[in-house]
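Asks: Sending over a structure as structure tokens; questions will come in a sec.
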Amino acid sequence: MKPNYIIIPLIMIIVSVAGSLLTSAGMGWYQTLKLPKLAPPGFAIGTVWTVIFLLTTISALIFYNTARRDKKFKWIIVFFVANAILNAFWSFLFFTQHWITISIIEMVVLDLTIIILMILIWPISRLASLLLIPYAAWVAFATFLAYGIHLLNS
């Protein structure tokens, strides 16, 4: 078995667990906030993130196993790593530090990394690129919700 079949899922699990722990730490605060009417219930959010992490893991594995090891490959790896860090960091900014405005800016950057990944991966594997669409859509929706939270609680 290739090490990437262990390392890539392990990275996704670490990001997922870190985000979950940071989110859980701030749930008491979150429950005191006024939320937009479109805010989904917690169980739905957890389900969506589980699917997103699964699709992102598959996308990363497809990319890693099909791409040539060139300069573009290295840049895509940098964007995957940056994306993983930004993903967990958002939970820190929002749920732990309660920095709603800064977290919104960070989410825009997070979504940009997803879009850049989709563009860079497209010529290598259209499937790997398409698997990131739900992630980009969810982060865009979450950014909209966070902005609504900002407006309702400012």
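In the structure tokens, each chain is lettered A, B, ... as it comes, each chain's residues begin at 1, and ligands are numbered from 1 in order of appearance.
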Skipping near chain neighbours, those fewer than 5 positions away, what residues fall within 10 Å of segment 80-88 of chain A using only C-alpha atoms, listed as a list in words?

Replies: Ile11, Met12, Ile14, Val15, Ser16, Val17, Ala18, Gly19, Ser20, Leu21, Leu22, Thr23, Thr56, Ala60, Lys74, Trp75, Leu93, Glu106, Met107, Val109, Leu110, Asp111, Leu112, Thr113, Ile114, Ile116, Leu117 and Val139 of chain A

Asks: Taking only C-alpha atoms into account, produce a table as a tab-separated table in which each residue of segment 48-81 of chain A with an atom at most 12 Å from an atom of segment 29-44 of chain A appears once, together with its shortest atom pair and the distance in Å to one decimal, ordered by chain and rising number.

Replies:
```
residue	atom	partner	partner_atom	distance
A:Val48	CA	A:Ala44	CA	6.1
A:Trp49	CA	A:Ala44	CA	8.6
A:Thr50	CA	A:Ala44	CA	9.9
A:Val51	CA	A:Ala44	CA	10.7
```

Asks: Would you mind reading off the distance between atom CA of Gly28 of chain A and atom CA of Ser91 of chain A, one decimal, in Å?

Replies: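 Atom CA of Gly28 of chain A sits 13.9 Å away from atom CA of Ser91 of chain A.
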
Asks: Within 12 Å of Asn65 of chain A, counting only C-alpha atoms, which residues show up once you throw out same-chain ones fewer than 3 positions away? Write them as a list of chain:residue names, please.

Replies: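 Here the answer would be A:Lys2, A:Pro3, A:Asn4, A:Tyr5, A:Ile8, A:Ile58, A:Ser59, A:Ala60, A:Leu61, A:Ile62, A:Arg68, A:Arg69, A:Phe73, A:Ile124, A:Ser125, A:Ala128.
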
Asks: Next, write the just-selected residues to a file, as a PDB file, in the first residue's frame, keeping C-alpha atoms as the atom set.

Replies:
```pdb
ATOM      1  CA  LYS A   2       1.222   3.472  -0.888  1.00  0.00           C
ATOM      2  CA  PRO A   3       1.865   5.775   2.110  1.00  0.00           C
ATOM      3  CA  ASN A   4      -0.386   8.470   0.607  1.00  0.00           C
ATOM      4  CA  TYR A   5      -3.412   6.221   1.268  1.00  0.00           C
ATOM      5  CA  ILE A   8      -3.797  12.007   3.162  1.00  0.00           C
ATOM      6  CA  ILE A  58     -10.894  11.423  -2.388  1.00  0.00           C
ATOM      7  CA  SER A  59     -10.043  14.482  -4.484  1.00  0.00           C
ATOM      8  CA  ALA A  60      -6.591  14.745  -2.900  1.00  0.00           C
ATOM      9  CA  LEU A  61      -5.930  11.041  -3.425  1.00  0.00           C
ATOM     10  CA  ILE A  62      -7.004  11.164  -7.081  1.00  0.00           C
ATOM     11  CA  ARG A  68       3.117  14.428 -12.616  1.00  0.00           C
ATOM     12  CA  ARG A  69       5.676  15.426 -10.006  1.00  0.00           C
ATOM     13  CA  PHE A  73       2.346  19.499  -8.349  1.00  0.00           C
ATOM     14  CA  ILE A 124      -5.019  16.840 -14.155  1.00  0.00           C
ATOM     15  CA  SER A 125      -8.334  15.311 -13.095  1.00  0.00           C
ATOM     16  CA  ALA A 128     -10.848  15.497  -8.470  1.00  0.00           C
TER      17      ALA A 128
END
```

Asks: Give me, please, the distance in Å between atom CA of Lys71 of chain A and atom CA of Trp122 of chain A, quoted to one decimal.

Replies: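 Taking atom CA of Lys71 of chain A and atom CA of Trp122 of chain A, their separation equals 15.8 Å.
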